[in-house]
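Here is the structure we will look at, set down as structure tokens.
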Amino acid sequence: MTVHTVTADAETFTCNAYLATGAVTALVDVGAYDGVVDAVREHVGDVDAVHLTHQHGDHVAELDAVVDAFAPDVYAYGEHEYRTHAIEDGDTVEIGDESFDVVYTPGHASDHVSFVSESTLYSGDVVVHDDGAFDYGSFGRTDYAGQSRERLVESIRELLERLPDGVEHMYAGHGSEFHGDVRDVVETALSRAEKREPKYPDDA
């Protein structure tokens, strides 16, 4: 399975949108980059499925364009006009050449899910490798209305419980992708989140 970050050239704020090629050509999130359809077409002619980690604007703004261009199946936890398949905690989805377990991971967003296989984690915004707050093992912000640090901490713990030991690839909603000991990154994020300190002190 080959994974491409198709929002890499975006000059405006967006999440990372990942194109996984293989038996099931799939996008994990679509982002807010108005060039995402053209970026996808640089690698493939069609997209079978879109899997949404959650529905914040930076993750779904270009969903209408992607649906218009490729007519994919759209998998999401929360309701959406383009959703064709509702997913729940414990479901299995196919991304590229692998089967992924759906893990419900709210806190940053009430509809947030992560996708976990034997080798790979698509973590959305629940855990990221690096961002403006931390360089190794960070977590989604929880200082906006409707978000919860307590629930996020529970979600990261649940993610760790269901993360196979051999996971070596992590694709998060923001920051850079990571290849190595993914469990250590997630454990580091958990230890920071458990301190309950503001992620961005200036916003406290």
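Here's how to read the names in the structure tokens: chain A, B, ... by the order shown, residue numbers from 1 in each chain, ligand numbers from 1 in the order shown.
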**Request:** Enumerate the residues of range 12-107 of chain A with a DSSP assignment of strand (DSSP E), computed from the backbone, and present them as a list in words.
**Result:**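 Assigned to strand (DSSP E), within range 12-107 of chain A: Tyr18, Leu19, Ala20, Thr21, Ala26, Leu27, Val28, Ala49, Val50, His51, Asp73, Val74, Tyr75, Ala76, His85, Ala86, Thr92, Val93, Glu94, Ile95, Glu98, Ser99, Phe100, Asp101, Val102, Val103 and Tyr104 of chain A.
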Could the residues in this selection be saved with C-alpha atoms as a PDB file, in the first residue's frame?
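The result, written out as part29.pdb:
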```
ATOM      1  CA  TYR A  18      -4.185  10.816   2.571  1.00  0.00           C
ATOM      2  CA  LEU A  19      -4.631   8.819  -0.614  1.00  0.00           C
ATOM      3  CA  ALA A  20      -4.020   5.097  -0.090  1.00  0.00           C
ATOM      4  CA  THR A  21      -3.691   3.040  -3.262  1.00  0.00           C
ATOM      5  CA  ALA A  26      -9.272   5.389  -0.599  1.00  0.00           C
ATOM      6  CA  LEU A  27      -8.953   8.868   0.813  1.00  0.00           C
ATOM      7  CA  VAL A  28      -8.696   9.334   4.555  1.00  0.00           C
ATOM      8  CA  ALA A  49     -13.941   5.265  -0.856  1.00  0.00           C
ATOM      9  CA  VAL A  50     -13.571   8.227   1.468  1.00  0.00           C
ATOM     10  CA  HIS A  51     -13.125   7.619   5.201  1.00  0.00           C
ATOM     11  CA  ASP A  73     -18.522   5.538  -1.074  1.00  0.00           C
ATOM     12  CA  VAL A  74     -18.310   7.861   1.933  1.00  0.00           C
ATOM     13  CA  TYR A  75     -17.794   6.340   5.382  1.00  0.00           C
ATOM     14  CA  ALA A  76     -18.408   8.518   8.440  1.00  0.00           C
ATOM     15  CA  HIS A  85     -22.031   4.149   5.016  1.00  0.00           C
ATOM     16  CA  ALA A  86     -22.409   4.830   8.735  1.00  0.00           C
ATOM     17  CA  THR A  92     -13.882  -2.897   9.906  1.00  0.00           C
ATOM     18  CA  VAL A  93     -13.112  -0.886   6.775  1.00  0.00           C
ATOM     19  CA  GLU A  94     -10.809  -1.495   3.828  1.00  0.00           C
ATOM     20  CA  ILE A  95      -8.184   1.137   3.013  1.00  0.00           C
ATOM     21  CA  GLU A  98      -5.348  -3.497   4.540  1.00  0.00           C
ATOM     22  CA  SER A  99      -8.289  -3.984   6.868  1.00  0.00           C
ATOM     23  CA  PHE A 100      -8.658  -1.333   9.565  1.00  0.00           C
ATOM     24  CA  ASP A 101     -10.584  -1.410  12.824  1.00  0.00           C
ATOM     25  CA  VAL A 102     -12.683   1.652  13.568  1.00  0.00           C
ATOM     26  CA  VAL A 103     -11.949   3.065  17.028  1.00  0.00           C
ATOM     27  CA  TYR A 104     -14.266   5.750  18.377  1.00  0.00           C
TER      28      TYR A 104
END
```
Counting only C-alpha atoms, what is within 12 Å of range 150-160 of chain A, bar same-chain residues fewer than 6 positions away, as a PDB file with N, CA and C atoms, in the first residue's frame?
```pdb
ATOM      1  N   ASP A  89     -17.899   2.213  16.277  1.00  0.00           N
ATOM      2  CA  ASP A  89     -16.760   1.627  16.965  1.00  0.00           C
ATOM      3  C   ASP A  89     -16.784   0.108  16.793  1.00  0.00           C
ATOM      4  N   GLY A  90     -15.654  -0.457  16.412  1.00  0.00           N
ATOM      5  CA  GLY A  90     -15.570  -1.901  16.236  1.00  0.00           C
ATOM      6  C   GLY A  90     -15.798  -2.386  14.823  1.00  0.00           C
ATOM      7  N   ASP A 101      -9.541  -1.496  11.807  1.00  0.00           N
ATOM      8  CA  ASP A 101     -10.584  -1.410  12.824  1.00  0.00           C
ATOM      9  C   ASP A 101     -10.942   0.051  13.045  1.00  0.00           C
ATOM     10  N   VAL A 102     -12.218   0.314  13.231  1.00  0.00           N
ATOM     11  CA  VAL A 102     -12.683   1.652  13.568  1.00  0.00           C
ATOM     12  C   VAL A 102     -12.693   1.787  15.086  1.00  0.00           C
ATOM     13  N   VAL A 103     -11.998   2.805  15.589  1.00  0.00           N
ATOM     14  CA  VAL A 103     -11.949   3.065  17.028  1.00  0.00           C
ATOM     15  C   VAL A 103     -12.556   4.439  17.283  1.00  0.00           C
ATOM     16  N   TYR A 104     -13.608   4.473  18.058  1.00  0.00           N
ATOM     17  CA  TYR A 104     -14.266   5.750  18.377  1.00  0.00           C
ATOM     18  C   TYR A 104     -13.390   6.518  19.351  1.00  0.00           C
ATOM     19  N   THR A 105     -12.957   7.726  18.949  1.00  0.00           N
ATOM     20  CA  THR A 105     -11.982   8.499  19.734  1.00  0.00           C
ATOM     21  C   THR A 105     -12.411   9.962  19.876  1.00  0.00           C
ATOM     22  N   PRO A 106     -13.527  10.235  20.548  1.00  0.00           N
ATOM     23  CA  PRO A 106     -13.989  11.619  20.703  1.00  0.00           C
ATOM     24  C   PRO A 106     -13.163  12.404  21.713  1.00  0.00           C
ATOM     25  N   GLY A 107     -13.502  13.666  21.845  1.00  0.00           N
ATOM     26  CA  GLY A 107     -12.794  14.589  22.739  1.00  0.00           C
ATOM     27  C   GLY A 107     -12.449  15.849  21.980  1.00  0.00           C
ATOM     28  N   HIS A 108     -11.729  15.676  20.877  1.00  0.00           N
ATOM     29  CA  HIS A 108     -11.476  16.800  19.964  1.00  0.00           C
ATOM     30  C   HIS A 108     -12.725  17.089  19.143  1.00  0.00           C
ATOM     31  N   ALA A 109     -13.455  16.039  18.788  1.00  0.00           N
ATOM     32  CA  ALA A 109     -14.727  16.147  18.069  1.00  0.00           C
ATOM     33  C   ALA A 109     -15.612  14.991  18.506  1.00  0.00           C
ATOM     34  N   SER A 110     -16.904  15.241  18.606  1.00  0.00           N
ATOM     35  CA  SER A 110     -17.803  14.212  19.119  1.00  0.00           C
ATOM     36  C   SER A 110     -17.971  13.040  18.159  1.00  0.00           C
ATOM     37  N   ASP A 111     -17.648  13.246  16.871  1.00  0.00           N
ATOM     38  CA  ASP A 111     -17.796  12.182  15.879  1.00  0.00           C
ATOM     39  C   ASP A 111     -16.455  11.598  15.448  1.00  0.00           C
ATOM     40  N   HIS A 112     -15.420  11.787  16.238  1.00  0.00           N
ATOM     41  CA  HIS A 112     -14.068  11.422  15.831  1.00  0.00           C
ATOM     42  C   HIS A 112     -13.832   9.916  15.915  1.00  0.00           C
ATOM     43  N   VAL A 113     -13.250   9.366  14.849  1.00  0.00           N
ATOM     44  CA  VAL A 113     -12.803   7.982  14.852  1.00  0.00           C
ATOM     45  C   VAL A 113     -11.371   7.915  14.346  1.00  0.00           C
ATOM     46  N   SER A 114     -10.693   6.840  14.725  1.00  0.00           N
ATOM     47  CA  SER A 114      -9.368   6.530  14.199  1.00  0.00           C
ATOM     48  C   SER A 114      -9.441   5.180  13.504  1.00  0.00           C
ATOM     49  N   PHE A 115      -8.499   4.923  12.605  1.00  0.00           N
ATOM     50  CA  PHE A 115      -8.473   3.682  11.846  1.00  0.00           C
ATOM     51  C   PHE A 115      -7.153   2.961  12.129  1.00  0.00           C
ATOM     52  N   VAL A 116      -7.246   1.712  12.582  1.00  0.00           N
ATOM     53  CA  VAL A 116      -6.069   0.970  13.041  1.00  0.00           C
ATOM     54  C   VAL A 116      -5.971  -0.371  12.334  1.00  0.00           C
ATOM     55  N   SER A 117      -4.809  -0.647  11.732  1.00  0.00           N
ATOM     56  CA  SER A 117      -4.536  -1.962  11.152  1.00  0.00           C
ATOM     57  C   SER A 117      -3.340  -2.577  11.887  1.00  0.00           C
ATOM     58  N   LEU A 121      -1.700   3.401  11.560  1.00  0.00           N
ATOM     59  CA  LEU A 121      -2.702   4.171  12.290  1.00  0.00           C
ATOM     60  C   LEU A 121      -3.005   5.455  11.540  1.00  0.00           C
ATOM     61  N   TYR A 122      -4.284   5.649  11.209  1.00  0.00           N
ATOM     62  CA  TYR A 122      -4.773   6.952  10.774  1.00  0.00           C
ATOM     63  C   TYR A 122      -5.459   7.561  11.993  1.00  0.00           C
ATOM     64  N   SER A 123      -4.817   8.558  12.586  1.00  0.00           N
ATOM     65  CA  SER A 123      -5.247   9.039  13.905  1.00  0.00           C
ATOM     66  C   SER A 123      -6.073  10.313  13.865  1.00  0.00           C
ATOM     67  N   GLY A 124      -6.283  10.893  12.672  1.00  0.00           N
ATOM     68  CA  GLY A 124      -7.022  12.146  12.644  1.00  0.00           C
ATOM     69  C   GLY A 124      -6.359  13.172  13.539  1.00  0.00           C
ATOM     70  N   ASP A 125      -7.156  13.798  14.413  1.00  0.00           N
ATOM     71  CA  ASP A 125      -6.610  14.822  15.306  1.00  0.00           C
ATOM     72  C   ASP A 125      -6.515  14.370  16.752  1.00  0.00           C
ATOM     73  N   VAL A 126      -6.821  13.111  17.045  1.00  0.00           N
ATOM     74  CA  VAL A 126      -6.750  12.677  18.446  1.00  0.00           C
ATOM     75  C   VAL A 126      -5.303  12.640  18.930  1.00  0.00           C
ATOM     76  N   VAL A 127      -4.403  12.153  18.075  1.00  0.00           N
ATOM     77  CA  VAL A 127      -2.964  12.128  18.362  1.00  0.00           C
ATOM     78  C   VAL A 127      -2.234  12.520  17.084  1.00  0.00           C
ATOM     79  N   VAL A 128      -1.229  13.368  17.215  1.00  0.00           N
ATOM     80  CA  VAL A 128      -0.386  13.727  16.071  1.00  0.00           C
ATOM     81  C   VAL A 128       1.075  13.578  16.470  1.00  0.00           C
ATOM     82  N   GLY A 137       4.783  13.481  19.770  1.00  0.00           N
ATOM     83  CA  GLY A 137       3.697  13.030  20.619  1.00  0.00           C
ATOM     84  C   GLY A 137       2.820  14.166  21.104  1.00  0.00           C
ATOM     85  N   SER A 138       1.920  14.632  20.247  1.00  0.00           N
ATOM     86  CA  SER A 138       0.998  15.694  20.620  1.00  0.00           C
ATOM     87  C   SER A 138      -0.426  15.174  20.470  1.00  0.00           C
ATOM     88  N   PHE A 139      -1.397  16.043  20.725  1.00  0.00           N
ATOM     89  CA  PHE A 139      -2.796  15.619  20.755  1.00  0.00           C
ATOM     90  C   PHE A 139      -3.679  16.760  20.284  1.00  0.00           C
ATOM     91  N   GLY A 140      -4.912  16.438  19.941  1.00  0.00           N
ATOM     92  CA  GLY A 140      -5.833  17.437  19.429  1.00  0.00           C
ATOM     93  C   GLY A 140      -6.217  18.463  20.472  1.00  0.00           C
ATOM     94  N   ARG A 141      -6.462  19.673  20.044  1.00  0.00           N
ATOM     95  CA  ARG A 141      -6.844  20.726  20.982  1.00  0.00           C
ATOM     96  C   ARG A 141      -8.248  20.472  21.498  1.00  0.00           C
ATOM     97  N   THR A 142      -8.495  20.926  22.726  1.00  0.00           N
ATOM     98  CA  THR A 142      -9.788  20.687  23.368  1.00  0.00           C
ATOM     99  C   THR A 142     -10.305  21.940  24.076  1.00  0.00           C
ATOM    100  N   ASP A 143      -9.876  23.127  23.594  1.00  0.00           N
ATOM    101  CA  ASP A 143     -10.236  24.365  24.273  1.00  0.00           C
ATOM    102  C   ASP A 143     -11.411  25.088  23.618  1.00  0.00           C
ATOM    103  N   VAL A 167       2.520  -1.755  14.940  1.00  0.00           N
ATOM    104  CA  VAL A 167       2.171  -0.588  14.119  1.00  0.00           C
ATOM    105  C   VAL A 167       3.394   0.316  13.959  1.00  0.00           C
ATOM    106  N   VAL A 182       5.135   3.619  16.758  1.00  0.00           N
ATOM    107  CA  VAL A 182       3.936   4.438  16.892  1.00  0.00           C
ATOM    108  C   VAL A 182       3.397   4.393  18.322  1.00  0.00           C
ATOM    109  N   ARG A 183       3.491   3.237  18.969  1.00  0.00           N
ATOM    110  CA  ARG A 183       2.993   3.143  20.349  1.00  0.00           C
ATOM    111  C   ARG A 183       3.686   4.163  21.246  1.00  0.00           C
ATOM    112  N   ASP A 184       4.983   4.373  21.065  1.00  0.00           N
ATOM    113  CA  ASP A 184       5.706   5.322  21.905  1.00  0.00           C
ATOM    114  C   ASP A 184       5.211   6.747  21.670  1.00  0.00           C
ATOM    115  N   VAL A 185       4.898   7.082  20.429  1.00  0.00           N
ATOM    116  CA  VAL A 185       4.366   8.413  20.123  1.00  0.00           C
ATOM    117  C   VAL A 185       3.023   8.610  20.829  1.00  0.00           C
ATOM    118  N   VAL A 186       2.157   7.597  20.746  1.00  0.00           N
ATOM    119  CA  VAL A 186       0.834   7.711  21.358  1.00  0.00           C
ATOM    120  C   VAL A 186       0.956   7.768  22.880  1.00  0.00           C
ATOM    121  N   GLU A 187       1.850   6.976  23.472  1.00  0.00           N
ATOM    122  CA  GLU A 187       2.051   7.017  24.918  1.00  0.00           C
ATOM    123  C   GLU A 187       2.576   8.386  25.365  1.00  0.00           C
ATOM    124  N   THR A 188       3.453   8.984  24.566  1.00  0.00           N
ATOM    125  CA  THR A 188       3.960  10.319  24.882  1.00  0.00           C
ATOM    126  C   THR A 188       2.843  11.345  24.830  1.00  0.00           C
ATOM    127  N   ALA A 189       1.994  11.238  23.815  1.00  0.00           N
ATOM    128  CA  ALA A 189       0.852  12.150  23.719  1.00  0.00           C
ATOM    129  C   ALA A 189      -0.071  11.993  24.916  1.00  0.00           C
ATOM    130  N   LEU A 190      -0.301  10.757  25.341  1.00  0.00           N
ATOM    131  CA  LEU A 190      -1.169  10.516  26.488  1.00  0.00           C
ATOM    132  C   LEU A 190      -0.607  11.152  27.748  1.00  0.00           C
ATOM    133  N   SER A 191       0.680  10.986  27.982  1.00  0.00           N
ATOM    134  CA  SER A 191       1.276  11.542  29.198  1.00  0.00           C
ATOM    135  C   SER A 191       1.168  13.059  29.222  1.00  0.00           C
ATOM    136  N   ARG A 192       1.264  13.696  28.065  1.00  0.00           N
ATOM    137  CA  ARG A 192       1.120  15.150  28.007  1.00  0.00           C
ATOM    138  C   ARG A 192      -0.334  15.568  28.210  1.00  0.00           C
ATOM    139  N   ALA A 193      -1.240  14.850  27.579  1.00  0.00           N
ATOM    140  CA  ALA A 193      -2.654  15.201  27.701  1.00  0.00           C
ATOM    141  C   ALA A 193      -3.144  15.008  29.132  1.00  0.00           C
ATOM    142  N   GLU A 194      -2.619  14.013  29.827  1.00  0.00           N
ATOM    143  CA  GLU A 194      -3.060  13.724  31.199  1.00  0.00           C
ATOM    144  C   GLU A 194      -2.695  14.824  32.183  1.00  0.00           C
ATOM    145  N   LYS A 195      -1.736  15.657  31.829  1.00  0.00           N
ATOM    146  CA  LYS A 195      -1.342  16.743  32.731  1.00  0.00           C
ATOM    147  C   LYS A 195      -2.395  17.834  32.833  1.00  0.00           C
ATOM    148  N   ARG A 196      -3.351  17.802  31.901  1.00  0.00           N
ATOM    149  CA  ARG A 196      -4.482  18.734  31.891  1.00  0.00           C
ATOM    150  C   ARG A 196      -4.067  20.192  31.718  1.00  0.00           C
ATOM    151  N   GLU A 197      -2.810  20.416  31.333  1.00  0.00           N
ATOM    152  CA  GLU A 197      -2.357  21.789  31.103  1.00  0.00           C
ATOM    153  C   GLU A 197      -2.807  22.244  29.723  1.00  0.00           C
TER     154      GLU A 197
END
```
Leaving out range 58-68 of chain A and any residue of its chain fewer than 6 positions from it, which residues lie within 6 Å of it when counting only C-alpha atoms, given as a short mmCIF file (atom, residue, chain, number, x, y, z; two decimals) with N, CA and C atoms, in the first residue's frame?
```cif
data_model
loop_
_atom_site.label_atom_id
_atom_site.label_comp_id
_atom_site.auth_asym_id
_atom_site.auth_seq_id
_atom_site.Cartn_x
_atom_site.Cartn_y
_atom_site.Cartn_z
N THR A 14 -5.48 23.50 6.07
CA THR A 14 -6.18 22.27 5.79
C THR A 14 -5.61 21.17 6.67
N CYS A 15 -6.36 20.10 6.81
CA CYS A 15 -5.79 18.91 7.41
C CYS A 15 -4.94 18.20 6.36
N ASP A 29 -9.94 11.37 4.94
CA ASP A 29 -10.22 12.80 4.97
C ASP A 29 -9.95 13.40 3.58
N VAL A 30 -10.55 14.56 3.34
CA VAL A 30 -10.39 15.19 2.03
C VAL A 30 -9.77 16.58 2.12
N GLY A 31 -9.80 17.18 3.31
CA GLY A 31 -9.15 18.45 3.50
C GLY A 31 -9.92 19.65 2.98
N ALA A 32 -9.24 20.80 3.00
CA ALA A 32 -9.84 22.06 2.57
C ALA A 32 -9.00 22.71 1.47
#
```
**Request:** Please report, as a ChimeraX atom specification, each residue of range 42-147 of chain A to which DSSP assigns alpha helix (DSSP H) when run on this structure's backbone.
**Result:** /A:57-60,63-70
**Request:** Do a neighbour search on Asp48 in chain A at 8 Å with only C-alpha atoms, toss out local chain neighbours closer than 3 positions, and write the hits as a ChimeraX atom specification.
**Result:** /A:24-26,70-73
**Request:** Counting only C-alpha atoms, figure out which residue out of A:Gly57, A:Pro164, A:Gly175, A:Gly45 gets nearest to Tyr33 in chain A.
**Result:**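 The answer is A:Gly57, which sits nearest to Tyr33 in chain A.
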